[in-house]
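*Asks:* Just query-v3.cif, nothing more (mmCIF, C-alpha atoms and all ligand atoms):
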```
data_coords
loop_
_atom_site.label_atom_id
_atom_site.label_comp_id
_atom_site.auth_asym_id
_atom_site.auth_seq_id
_atom_site.Cartn_x
_atom_site.Cartn_y
_atom_site.Cartn_z
CA MET A 185 -8.09 -8.96 19.51
CA THR A 186 -5.81 -6.01 18.63
CA GLN A 187 -2.11 -6.49 17.90
CA HIS A 188 0.56 -3.78 17.65
CA THR A 189 3.48 -3.32 15.29
CA ASP A 190 5.50 -0.55 13.62
CA VAL A 191 4.46 -1.37 10.06
CA VAL A 192 1.72 -3.48 8.48
CA VAL A 193 2.37 -4.59 4.90
CA ILE A 194 -0.89 -5.47 3.15
CA GLY A 195 -0.30 -8.16 0.51
CA GLY A 196 2.26 -10.95 0.45
CA GLY A 197 3.03 -11.14 -3.27
CA GLN A 198 6.39 -10.03 -4.66
CA ALA A 199 5.86 -6.36 -3.70
CA GLY A 200 4.97 -7.22 -0.09
CA LEU A 201 7.98 -9.53 0.20
CA ALA A 202 10.36 -6.91 -1.24
CA ALA A 203 8.95 -4.45 1.32
CA GLY A 204 9.54 -7.02 4.08
CA TYR A 205 13.15 -7.53 2.98
CA HIS A 206 13.90 -3.82 3.30
CA LEU A 207 11.86 -3.25 6.50
CA ARG A 208 13.96 -5.99 8.10
CA ARG A 209 17.14 -4.20 7.00
CA GLN A 210 15.80 -1.04 8.67
CA SER A 211 15.30 -3.09 11.89
CA LEU A 212 11.59 -2.26 12.01
CA ASP A 213 8.95 -4.46 13.59
CA PHE A 214 6.42 -5.47 10.93
CA VAL A 215 3.92 -8.04 9.76
CA ILE A 216 2.82 -8.98 6.22
CA LEU A 217 -0.89 -9.82 5.88
CA ASP A 218 -1.81 -11.82 2.79
CA ALA A 219 -5.27 -12.92 1.66
CA GLN A 220 -3.97 -15.99 -0.20
CA ALA A 221 -3.77 -19.36 1.57
CA THR A 222 -0.34 -20.11 0.06
CA PRO A 223 2.71 -18.08 -1.12
CA GLY A 224 3.05 -16.67 -4.65
CA GLY A 225 0.50 -13.84 -4.95
CA ALA A 226 -1.18 -13.59 -8.35
CA TRP A 227 1.34 -15.97 -9.98
CA GLN A 228 -0.63 -18.88 -8.47
CA HIS A 229 -3.65 -18.05 -10.60
CA THR A 230 -2.34 -17.31 -14.09
CA TRP A 231 -2.88 -19.46 -17.20
CA ASN A 232 -0.78 -22.61 -17.47
CA SER A 233 1.46 -21.59 -20.38
CA LEU A 234 2.34 -18.06 -19.16
CA ARG A 235 5.99 -17.18 -19.67
CA LEU A 236 7.83 -14.34 -17.94
CA PHE A 237 8.84 -11.60 -20.35
CA SER A 238 12.41 -11.55 -18.94
CA PRO A 239 14.95 -14.29 -18.29
CA ALA A 240 15.20 -15.51 -14.66
CA ALA A 241 18.30 -13.51 -13.75
CA PHE A 242 16.43 -10.32 -14.71
CA SER A 243 13.33 -11.22 -12.68
CA SER A 244 14.86 -11.14 -9.22
CA LEU A 245 13.82 -9.53 -5.96
CA PRO A 246 16.39 -7.81 -3.73
CA GLY A 247 19.00 -10.04 -2.18
CA ARG A 248 18.40 -13.28 -4.06
CA LEU A 249 18.84 -14.03 -7.74
CA MET A 250 16.05 -16.05 -9.30
CA PRO A 251 17.61 -19.37 -10.38
CA GLY A 252 17.12 -20.40 -14.00
CA GLN A 253 14.41 -22.90 -14.94
CA SER A 254 15.91 -25.87 -16.66
CA GLY A 255 15.30 -25.87 -20.38
CA GLU A 256 13.49 -22.50 -20.38
CA GLU A 257 15.01 -19.10 -21.07
CA TYR A 258 11.79 -17.41 -19.92
CA PRO A 259 10.50 -19.12 -16.75
CA ASP A 260 6.84 -20.04 -16.23
CA ALA A 261 4.55 -18.84 -13.43
CA GLY A 262 5.07 -22.01 -11.37
CA HIS A 263 8.78 -21.21 -11.25
CA VAL A 264 7.99 -17.74 -9.86
CA VAL A 265 5.70 -19.23 -7.18
CA THR A 266 8.53 -21.55 -6.04
CA TYR A 267 10.97 -18.63 -6.02
CA LEU A 268 8.63 -16.45 -3.92
CA ARG A 269 7.92 -19.32 -1.48
CA ASP A 270 11.67 -19.90 -1.04
CA TYR A 271 12.31 -16.16 -0.76
CA GLU A 272 9.97 -15.59 2.17
CA LYS A 273 11.33 -18.70 3.90
CA ARG A 274 14.96 -17.73 3.38
CA TYR A 275 14.46 -14.28 4.90
CA GLU A 276 12.01 -15.58 7.54
CA LEU A 277 9.49 -12.93 6.58
CA PRO A 278 6.56 -12.76 9.01
CA VAL A 279 3.70 -13.45 6.59
CA ARG A 280 0.28 -14.23 8.04
CA ARG A 281 -2.17 -15.99 5.75
CA PRO A 282 -4.88 -16.23 4.88
CA VAL A 283 -5.65 -12.81 6.36
CA ARG A 284 -7.77 -10.39 4.34
CA VAL A 285 -7.62 -6.67 5.16
CA VAL A 286 -11.08 -5.16 4.94
CA GLY A 287 -10.31 -1.56 5.90
CA VAL A 288 -7.62 0.82 7.15
CA HIS A 289 -8.80 3.51 9.60
CA ASP A 290 -7.01 6.48 11.13
CA ASP A 291 -7.54 7.55 14.77
CA GLY A 292 -5.39 10.64 14.22
CA ARG A 293 -2.30 8.96 15.65
CA LEU A 294 -2.22 5.29 14.63
CA LEU A 295 -3.53 3.37 11.64
CA HIS A 296 -5.93 0.54 12.46
CA VAL A 297 -5.77 -2.31 9.97
CA GLU A 298 -9.00 -4.27 10.22
CA THR A 299 -8.94 -7.83 8.93
CA ASP A 300 -11.09 -10.94 8.92
CA SER A 301 -8.79 -12.20 11.73
CA GLY A 302 -8.61 -9.22 14.08
CA THR A 303 -7.12 -5.72 14.03
CA TRP A 304 -3.49 -4.57 13.83
CA GLN A 305 -2.49 -1.12 15.08
CA ALA A 306 0.46 0.32 13.18
CA ARG A 307 2.46 3.52 12.89
CA ALA A 308 2.78 3.04 9.12
CA VAL A 309 1.22 0.91 6.39
CA ILE A 310 2.54 -0.31 3.03
CA SER A 311 -0.24 -1.34 0.67
CA ALA A 312 1.03 -3.95 -1.82
CA THR A 313 -2.14 -5.67 -2.97
CA GLY A 314 -1.48 -5.74 -6.73
CA THR A 315 -4.02 -5.44 -9.52
CA TRP A 316 -4.94 -9.04 -10.42
CA TRP A 317 -7.89 -8.89 -8.02
CA ARG A 318 -9.55 -6.04 -9.91
CA PRO A 319 -9.92 -7.05 -13.54
CA PHE A 320 -11.01 -4.28 -15.89
CA LEU A 321 -13.75 -4.81 -18.49
CA PRO A 322 -14.40 -2.02 -21.02
CA ALA A 323 -17.93 -0.71 -21.52
CA VAL A 324 -18.67 -2.24 -24.93
CA PRO A 325 -22.26 -2.00 -26.19
CA GLY A 326 -24.19 -5.27 -25.97
CA ARG A 327 -21.80 -6.94 -23.52
CA GLY A 328 -24.75 -8.01 -21.40
CA ASP A 329 -26.63 -9.45 -24.40
CA PHE A 330 -24.01 -12.01 -25.44
CA GLU A 331 -25.13 -15.52 -24.48
CA GLY A 332 -21.80 -17.28 -25.06
CA ARG A 333 -18.98 -17.54 -22.51
CA GLN A 334 -17.32 -14.32 -21.38
CA LEU A 335 -14.25 -14.30 -19.24
CA HIS A 336 -11.35 -12.06 -18.28
CA THR A 337 -7.63 -12.92 -18.36
CA VAL A 338 -7.88 -13.87 -14.68
CA GLN A 339 -10.27 -16.75 -15.47
CA TYR A 340 -8.41 -18.20 -18.46
CA ARG A 341 -6.36 -21.38 -17.83
CA ARG A 342 -5.81 -23.61 -20.89
CA PRO A 343 -6.73 -23.94 -24.60
CA GLN A 344 -8.32 -27.38 -24.05
CA ASP A 345 -11.26 -25.62 -22.35
CA PHE A 346 -12.09 -24.06 -25.74
CA ALA A 347 -11.12 -26.83 -28.17
CA GLY A 348 -13.01 -26.53 -31.46
CA SER A 349 -14.78 -23.29 -30.41
CA ARG A 350 -14.73 -19.93 -32.10
CA VAL A 351 -13.05 -17.66 -29.56
CA ILE A 352 -12.58 -13.91 -29.71
CA VAL A 353 -9.59 -12.64 -27.72
CA VAL A 354 -9.72 -8.88 -27.04
CA GLY A 355 -6.55 -6.96 -26.21
CA GLY A 356 -3.20 -6.02 -27.74
CA GLY A 357 -0.99 -6.27 -24.65
CA ASN A 358 1.12 -9.16 -23.38
CA SER A 359 -1.85 -11.06 -21.93
CA GLY A 360 -3.87 -10.75 -25.14
CA ALA A 361 -0.96 -11.84 -27.33
CA GLN A 362 0.05 -14.76 -25.10
CA ILE A 363 -3.51 -16.05 -24.70
CA ALA A 364 -4.18 -15.64 -28.44
CA ALA A 365 -0.98 -17.61 -29.17
CA ASP A 366 -2.09 -20.27 -26.68
CA LEU A 367 -5.46 -20.66 -28.42
CA ALA A 368 -4.23 -20.34 -32.00
CA HIS A 369 -3.74 -24.07 -32.59
CA ASP A 370 -6.88 -25.64 -31.06
CA THR A 371 -9.59 -23.07 -31.69
CA GLU A 372 -11.00 -20.90 -34.41
CA LEU A 373 -9.31 -17.78 -33.10
CA ILE A 374 -10.21 -14.17 -33.79
CA TRP A 375 -7.82 -11.74 -32.12
CA VAL A 376 -8.99 -8.11 -31.92
CA THR A 377 -6.93 -5.14 -30.83
CA GLN A 378 -7.69 -1.44 -30.58
CA ARG A 379 -4.68 -0.58 -32.73
CA PRO A 380 -2.38 -2.84 -34.79
CA PRO A 381 -0.23 -5.01 -32.46
CA ARG A 382 3.10 -3.42 -31.58
CA TYR A 383 5.75 -6.05 -30.90
CA LEU A 384 9.02 -5.17 -29.23
CA ALA A 385 11.95 -6.15 -31.44
CA ASP A 386 12.54 -9.90 -31.09
CA ASN A 387 15.96 -9.43 -29.56
CA ILE A 388 14.75 -7.29 -26.65
CA ASP A 389 12.67 -8.32 -23.66
CA GLY A 390 11.57 -7.16 -20.20
CA ARG A 391 15.06 -5.92 -19.38
CA ALA A 392 14.58 -3.13 -21.92
CA LEU A 393 11.19 -2.27 -20.37
CA PHE A 394 12.85 -1.80 -17.00
CA ASP A 395 15.58 0.39 -18.49
CA ALA A 396 13.02 2.46 -20.43
CA ALA A 397 10.81 3.03 -17.34
CA THR A 398 13.85 4.05 -15.27
CA ALA A 399 15.18 6.41 -17.96
CA ARG A 400 11.77 8.07 -18.27
CA ARG A 401 11.49 8.63 -14.50
CA ARG A 402 14.97 10.12 -14.43
CA ALA A 403 14.21 12.45 -17.38
CA LEU A 404 10.96 13.66 -15.76
CA ASP A 405 12.62 14.13 -12.35
CA GLU A 406 15.37 16.20 -13.97
CA GLY A 407 12.90 18.33 -15.94
CA ARG A 408 13.99 16.92 -19.31
CA THR A 409 11.70 15.94 -22.21
CA ASP A 410 9.49 12.88 -21.63
CA THR A 411 11.26 9.91 -23.27
CA GLY A 412 7.96 8.04 -23.69
CA GLY A 413 9.10 5.22 -21.40
CA VAL A 414 7.90 1.65 -21.94
CA ALA A 415 5.14 2.69 -24.36
CA SER A 416 7.76 4.00 -26.78
CA LEU A 417 9.17 0.49 -27.29
CA GLY A 418 6.00 -1.44 -28.07
CA ASP A 419 3.23 -3.32 -26.25
CA ILE A 420 4.11 -6.99 -26.69
CA VAL A 421 7.26 -8.84 -25.71
CA ALA A 422 7.76 -11.51 -28.36
CA VAL A 423 8.32 -14.41 -25.93
CA PRO A 424 8.98 -17.71 -27.79
CA PRO A 425 5.35 -19.01 -27.99
CA VAL A 426 4.10 -15.61 -29.25
CA ARG A 427 6.93 -15.37 -31.75
CA ALA A 428 6.24 -18.91 -33.02
CA ALA A 429 2.50 -18.30 -33.49
CA ARG A 430 3.12 -14.92 -35.12
CA ASP A 431 5.74 -16.30 -37.49
CA ALA A 432 3.42 -19.18 -38.42
CA GLY A 433 0.86 -16.57 -39.50
CA LEU A 434 -1.57 -17.52 -36.73
CA LEU A 435 -1.64 -14.13 -35.01
CA THR A 436 -3.31 -11.67 -37.34
CA ALA A 437 -5.28 -9.04 -35.46
CA ALA A 438 -8.58 -7.47 -36.52
CA PRO A 439 -9.71 -4.00 -35.43
CA MET A 440 -12.11 -3.87 -32.48
CA PHE A 441 -15.76 -4.81 -33.12
CA THR A 442 -18.39 -2.18 -32.47
CA ARG A 443 -20.79 -4.21 -30.30
CA LEU A 444 -21.76 -7.65 -29.10
CA ASP A 445 -25.15 -9.23 -29.78
CA THR A 446 -26.77 -12.44 -28.55
CA HIS A 447 -24.54 -14.83 -30.51
CA GLY A 448 -21.48 -12.87 -31.56
CA VAL A 449 -20.05 -9.52 -32.57
CA ARG A 450 -20.74 -6.81 -35.12
CA TRP A 451 -17.98 -5.06 -37.05
CA ALA A 452 -17.62 -1.46 -38.14
CA ASP A 453 -18.56 -2.35 -41.76
CA GLY A 454 -21.95 -3.68 -40.60
CA THR A 455 -21.10 -7.41 -40.94
CA ARG A 456 -21.27 -9.81 -37.99
CA THR A 457 -19.55 -12.99 -36.78
CA ASP A 458 -20.84 -15.72 -34.46
CA ALA A 459 -18.67 -16.61 -31.48
CA ASP A 460 -18.75 -19.17 -28.68
CA ALA A 461 -16.59 -17.20 -26.25
CA VAL A 462 -15.06 -13.77 -25.71
CA ILE A 463 -11.93 -13.47 -23.57
CA TRP A 464 -11.29 -9.92 -22.34
CA CYS A 465 -7.54 -9.34 -21.96
CA THR A 466 -8.22 -5.72 -21.15
CA GLY A 467 -6.14 -5.07 -18.09
CA PHE A 468 -6.47 -4.37 -14.42
CA ARG A 469 -6.94 -1.60 -11.88
CA PRO A 470 -5.19 -1.27 -8.49
CA ALA A 471 -6.92 -3.22 -5.69
CA LEU A 472 -7.27 -0.39 -3.17
CA SER A 473 -10.78 -0.66 -1.71
CA HIS A 474 -9.33 -1.41 1.75
CA LEU A 475 -7.96 2.17 1.81
CA ALA A 476 -11.37 3.78 1.16
CA PRO A 477 -11.99 4.66 4.87
CA LEU A 478 -8.93 6.96 4.76
CA GLY A 479 -10.66 9.15 2.18
CA LEU A 480 -7.48 9.82 0.18
CA ARG A 481 -8.87 9.49 -3.32
CA GLY A 482 -8.65 12.71 -5.26
CA ARG A 483 -10.29 13.64 -8.52
CA ARG A 484 -10.50 10.71 -10.98
CA GLY A 485 -10.36 8.28 -8.05
CA HIS A 486 -6.57 8.32 -7.76
CA ILE A 487 -4.53 8.46 -4.53
CA ALA A 488 -1.80 11.07 -5.10
CA THR A 489 1.71 9.74 -4.45
CA GLU A 490 5.24 11.05 -4.44
CA GLY A 491 7.25 7.94 -5.25
CA THR A 492 5.44 5.38 -3.08
CA ARG A 493 4.37 7.80 -0.33
CA SER A 494 0.84 9.15 -0.12
CA VAL A 495 1.02 12.91 -0.53
CA GLN A 496 -1.75 13.41 2.03
CA ASP A 497 -0.64 10.86 4.62
CA PRO A 498 3.11 10.13 4.88
CA ARG A 499 2.38 7.05 7.05
CA LEU A 500 0.94 5.31 4.00
CA HIS A 501 2.96 3.91 1.08
CA LEU A 502 1.60 2.30 -2.10
CA LEU A 503 3.92 -0.23 -3.66
CA GLY A 504 3.92 -2.24 -6.88
CA TYR A 505 0.88 -0.81 -8.68
CA GLY A 506 2.65 0.62 -11.73
CA ASP A 507 4.94 3.44 -12.78
CA TRP A 508 2.96 5.93 -10.65
CA THR A 509 4.31 4.11 -7.55
CA GLY A 510 7.90 3.83 -8.87
CA PRO A 511 9.32 3.08 -12.33
CA ALA A 512 8.62 -0.55 -13.30
CA SER A 513 7.39 -1.17 -9.73
CA ALA A 514 4.81 -3.66 -11.05
CA THR A 515 7.59 -6.03 -12.13
CA LEU A 516 9.78 -8.48 -10.24
CA ILE A 517 13.02 -6.69 -11.01
CA GLY A 518 11.57 -3.19 -10.64
CA VAL A 519 9.89 -3.43 -7.23
CA GLY A 520 13.11 -3.68 -5.19
CA ARG A 521 14.16 -0.06 -5.57
CA PRO A 522 10.84 1.58 -4.55
CA ALA A 523 10.52 -0.98 -1.71
CA ARG A 524 13.91 0.11 -0.38
CA GLU A 525 12.95 3.77 -0.60
CA ALA A 526 9.58 3.15 1.12
CA ALA A 527 11.27 1.32 4.01
CA ARG A 528 13.89 4.06 4.32
CA GLN A 529 11.29 6.82 4.44
CA ILE A 530 9.18 4.95 7.00
CA ALA A 531 12.23 4.34 9.22
CA GLU A 532 13.00 8.04 9.06
CA LEU A 533 9.40 9.02 9.86
CA LEU A 534 9.14 6.65 12.82
CA SER A 535 12.45 7.81 14.27
CA ARG A 536 11.19 11.37 14.61
P1 LIG A 601 0.15 -9.75 -6.43
O1 LIG A 601 1.01 -10.81 -6.99
O2 LIG A 601 -1.24 -9.63 -6.92
O3 LIG A 601 0.16 -9.92 -4.86
C1 LIG A 601 -0.69 -9.18 -4.04
C2 LIG A 601 -1.08 -10.02 -2.85
O4 LIG A 601 -1.92 -9.22 -2.02
C3 LIG A 601 -1.90 -11.25 -3.24
O5 LIG A 601 -1.41 -12.37 -2.56
C4 LIG A 601 -3.31 -10.88 -2.79
O6 LIG A 601 -4.09 -11.98 -2.41
C5 LIG A 601 -3.02 -9.98 -1.62
N1 LIG A 601 -4.14 -9.08 -1.31
C6 LIG A 601 -4.91 -8.36 -2.16
N2 LIG A 601 -5.83 -7.66 -1.47
C7 LIG A 601 -5.63 -7.95 -0.17
C8 LIG A 601 -6.27 -7.55 1.04
N3 LIG A 601 -7.30 -6.70 1.06
N4 LIG A 601 -5.81 -8.06 2.21
C9 LIG A 601 -4.77 -8.91 2.24
N5 LIG A 601 -4.12 -9.33 1.12
C10 LIG A 601 -4.55 -8.85 -0.06
N6 LIG A 601 6.12 -8.94 -14.13
C11 LIG A 601 7.38 -9.32 -14.41
O7 LIG A 601 8.32 -8.87 -13.77
N7 LIG A 601 7.64 -10.20 -15.42
C12 LIG A 601 6.62 -10.75 -16.14
O8 LIG A 601 6.87 -11.53 -17.03
C13 LIG A 601 5.27 -10.40 -15.84
N8 LIG A 601 4.22 -10.97 -16.49
C14 LIG A 601 2.95 -10.66 -16.12
C15 LIG A 601 1.89 -11.30 -16.76
C16 LIG A 601 0.57 -11.02 -16.39
C17 LIG A 601 -0.56 -11.70 -17.07
C18 LIG A 601 0.32 -10.06 -15.40
C19 LIG A 601 -1.09 -9.72 -15.00
C20 LIG A 601 1.38 -9.43 -14.77
C21 LIG A 601 2.70 -9.72 -15.11
N9 LIG A 601 3.77 -9.10 -14.47
C22 LIG A 601 5.06 -9.46 -14.80
C23 LIG A 601 3.54 -7.99 -13.54
C24 LIG A 601 3.70 -8.31 -12.06
O9 LIG A 601 4.99 -8.82 -11.81
C25 LIG A 601 2.65 -9.27 -11.51
O10 LIG A 601 1.38 -8.75 -11.73
C26 LIG A 601 2.83 -9.53 -9.99
O11 LIG A 601 1.92 -10.52 -9.60
C27 LIG A 601 2.58 -8.27 -9.14
O12 LIG A 601 2.97 -8.56 -7.82
P2 LIG A 601 2.31 -7.82 -6.57
O13 LIG A 601 2.99 -8.33 -5.36
O14 LIG A 601 2.29 -6.36 -6.81
O15 LIG A 601 0.78 -8.28 -6.62
#
```
Have the structure of the file written as C-alpha cells, please.
*Replies:*
Amino acid sequence: MTQHTDVVVIGGGQAGLAAGYHLRRQSLDFVILDAQATPGGAWQHTWNSLRLFSPAAFSSLPGRLMPGQSGEEYPDAGHVVTYLRDYEKRYELPVRRPVRVVGVHDDGRLLHVETDSGTWQARAVISATGTWWRPFLPAVPGRGDFEGRQLHTVQYRRPQDFAGSRVIVVGGGNSGAQIAADLAHDTELIWVTQRPPRYLADNIDGRALFDAATARRRALDEGRTDTGGVASLGDIVAVPPVRAARDAGLLTAAPMFTRLDTHGVRWADGTRTDADAVIWCTGFRPALSHLAPLGLRGRRGHIATEGTRSVQDPRLHLLGYGDWTGPASATLIGVGRPAREAARQIAELLSR
C-alpha cells in the first residue's frame, strides 16, 4: 500500500520530534516514521546511571521546557524518555511506530520511502535517525583473538553485570568517563584513553558546549578564524558521579594498549595484563544506510550538506547527526534551531 504526504520524517527521537514541531508550524502535511516500539529514541537504551550533561532547563526542545527531575540537577535518561513521550503527545505529532525505513528512492519527481509496513511517497524527506544504531569499533590488532567479553557503550547497562571482574574501559569522551565512574567501585577497573582525559572545568556543563558550537559556526560563516568550538573546552563534562570518582582517585587513565591477545591486552612497553571484559566507548557513526539508494555519498562516504540540506538534492535534509548538520544539532537544546531552518526551507521549496 502506498501513502502520500508532503514530508516524511525518518526517526522519532528528539530530532524527529523537533522537526515535527516546526513542520506543523509551517502547516505542512507530514508523518514521522520511527523504528522503536515506544517513544524516547536512543534514550530508552542507555546505561542505568547515565546523567545528562546539562541541567533540565538547558535540555529542552522547541516550545516546551523540560521540567526538572526532583533531587537531580542533571536528569537521567528515564526523565528524558518521559519528556519526549509527553512532548509528542502534547503537540499531537503523527508518529507511526514501529516502522523501519529500509530505503529511500527517487523517481525523478517524488521520493519513495520504503518501509517494513508499506511505502510513503513524499515531496521532501528529513532523515533524523541518530547515531546510536551504528556503534563504532576501532581496528585494534587482536580484537578478534580476545576470548573475554567485548561490548560497546550501546550494550552496557549496570556495574553489577561485571562485579569482581577486571574490566578495561576504552575511551576518553563522556561515555567512557561515565561508564568508568560507574564501574570504579565494584570492579577492578582499567580506564584507557588515547590522550590524557580532558575535563571541562567543574563549573561549566553542556550549556557551554552549545555556546561554543554556536560561536564556532558563526565565526566560520563570517569568514573569521576557527574558534575551535566544543573541542577547545575539553572532552568530558564533570557530571557529579564522574567528579566524585575522579576526586576519590578512582579515575586514573592509562595510555591505549597496543593490541589484544586471547586473555587480555599488551602495552607499549611490552608488558601485558589479563582482563575479563573490554568495553569500547569509542563513539558512533550516523545511521544513514536507508539513504544509500539515492547515491549521494561523496568521497570519504559523507553526504555533503549546507546546514541540514543535502547539497545534491534539496528535497532531502539531514538532522541531528552532529555539527556538520547544524551546530550542536546532536543535543536536545541544539536541535531546535536546525529543525526550524529545515522546515522553513522545505516549506519554501514546496511552495514553488
Ligand atoms: P535517536 O535518539 O537515536 O533517535 C533516532 C530514532 O530514529 C530512533 O528512535 C531510531 O530507532 C529511529 N531510526 C533509526 N533508523 C531508522 C530507520 N531506518 N527507520 C525508522 N526509524 C529509524 N545530548 C544532550 O543534549 N545532553 C546529553 O546529556 C547527552 N548525553 C548523551 C550521552 C550519550 C551516551 C550519547 C550517545 C548521546 C548523548 N547526547 C546528549 C546526544 C544526543 O542528544 C542523543 O544521542 C540523542 O539520542 C540523539 O537524538 P536523535 O533524535 O538524533 O537520535
*Asks:* Would you mind listing what lies within 9 Å of segment 449-456 of chain A as a list in words, with all atoms listed in the file counted and same-chain residues fewer than 4 positions away left out?
*Replies:* Gly326, Phe330, Pro439, Met440, Phe441, Thr442, Arg443, Leu444 and Asp445 of chain A
*Asks:* Could you list the protein, DNA and RNA residues that have any atom within 8 Å of ligand LIG 601 (chain A), counting all atoms listed in the file, and write them as a PyMOL selection string?
*Replies:* chain A and resi 194-201+217-220+223-227+230+234-238+243+282-287+299+312-317+337-338+358-359+390+467-468+471-474+503-505+513-518
*Asks:* Out of A:Leu478, A:Leu502, A:Val421, A:Ala364, which residue has the shortest atom-to-atom distance to Asp291 of chain A when counting all atoms listed in the file?
*Replies:*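 Looking at the shortest contact to Asp291 of chain A, the residue is A:Leu478.
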*Asks:* Quick one: of A:Leu475, A:Thr398, A:Ala385, A:Gln362, who's nearest to Leu435 of chain A, counting only C-alpha atoms?
*Replies:*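 Of A:Leu475, A:Thr398, A:Ala385, A:Gln362, the one nearest Leu435 of chain A is A:Gln362, counting only C-alpha atoms.
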*Asks:* Counting all atoms listed in the file, what is within 6 Å of segment 205-207 of chain A, bar same-chain residues fewer than 4 positions away, as a VMD selection string?
*Replies:* chain A and resid 212 524 527
*Asks:* Counting all atoms listed in the file, which of A:Pro251, A:Gly433, A:Gly302, A:Pro246 gets nearest to Thr186 of chain A?
*Replies:*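 Selected residue with least distance to Thr186 of chain A: A:Gly302.
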*Asks:* Would you list the residues near (13.5, -9.8, -32.4) (no more than 10 Å away, in the coordinates of the file, using all atoms listed in the file) as a list of chain:residue names?
*Replies:*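 The residues near that point, listed by chain and number, are A:Tyr383, A:Leu384, A:Ala385, A:Asp386, A:Asn387, A:Ile388, A:Asp389, A:Val421, A:Ala422, A:Val423, A:Arg427.
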*Asks:* If the box runs along x, y and z of the file and leaves 8 Å on each side of segment 245-254 of chain A, what are its centre and edge lengths in Å, one decimal, as AutoDock Vina command-line options?
*Replies:*
```
--center_x 16.4 --center_y -16.8 --center_z -9.4 --size_x 21.2 --size_y 34.1 --size_z 30.5
```
*Asks:* Pick the closest to Gln334 of chain A from A:His188, A:Ala461, A:Val297, A:Val215: which is it, counting only C-alpha atoms?
*Replies:*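 Checking each candidate against Gln334 of chain A, we get A:Ala461 as the closest.
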*Asks:* My list of candidates is A:Gln344, A:Val288, A:Gln529, A:Arg281. Which is closest to Gln305 of chain A when distances are computed with all atoms listed in the file?
*Replies:* A:Val288
*Asks:* Between A:Arg341, A:Arg379, A:Arg274, A:Arg269, which has the minimum distance to Arg248 of chain A (counting all atoms listed in the file)?
*Replies:*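 The answer is A:Arg274, which sits nearest to Arg248 of chain A.
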*Asks:* Just the number, please: distance in Å from atom CA of Gly252 of chain A to atom CA of Thr266 of chain A, one decimal.
*Replies:*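 Spanning atom CA of Gly252 of chain A to atom CA of Thr266 of chain A is a straight-line distance of 11.8 Å.
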*Asks:* State, in Å with one decimal place, the distance from atom CA of Arg400 of chain A to atom CA of Gly510 of chain A.
*Replies:*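 One can read the atom CA of Arg400 of chain A to atom CA of Gly510 of chain A distance as 11.0 Å.
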*Asks:* Would you list the residues near (0.6, 10.7, 0.8), meaning any protein, DNA or RNA residue with an atom at most 10 Å from that point in file coordinates, counting only C-alpha atoms, as a PyMOL selection string?
*Replies:* chain A and resi 480+487-502
*Asks:* Excluding Pro381 of chain A and residues on its chain fewer than 5 positions from it, collect all residues at most 8 Å away from it, counting only C-alpha atoms, and give them as a list in words.
*Replies:*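 Residues meeting the cut-off are Gly356, Gly357, Asp419, Ile420 and Ala437 of chain A.
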*Asks:* Pick out the residues sitting within 10 Å of Arg333 of chain A, and hand them over as a PDB file with C-alpha atoms, keeping the file's coordinate frame; count only C-alpha atoms, and ignore anything fewer than 3 positions along from it in its own chain.
*Replies:*
```
ATOM      1  CA  PHE A 330     -24.010 -12.010 -25.440  1.00  0.00           C
ATOM      2  CA  VAL A 351     -13.050 -17.660 -29.560  1.00  0.00           C
ATOM      3  CA  ALA A 459     -18.670 -16.610 -31.480  1.00  0.00           C
ATOM      4  CA  ASP A 460     -18.750 -19.170 -28.680  1.00  0.00           C
ATOM      5  CA  ALA A 461     -16.590 -17.200 -26.250  1.00  0.00           C
ATOM      6  CA  VAL A 462     -15.060 -13.770 -25.710  1.00  0.00           C
ATOM      7  CA  ILE A 463     -11.930 -13.470 -23.570  1.00  0.00           C
TER       8      ILE A 463
END
```
*Asks:* Thr371 of chain A: which residues within 6 Å, counting only C-alpha atoms, same-chain residues fewer than 3 positions away excluded, as number ranges by chain?
*Replies:* A: 347-349, 367
*Asks:* So what do you get for atom CA of Asp213 of chain A versus atom CA of Gln187 of chain A, distance-wise?
*Replies:*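 If I compute the distance from atom CA of Asp213 of chain A to atom CA of Gln187 of chain A, I get 12.0 Å.
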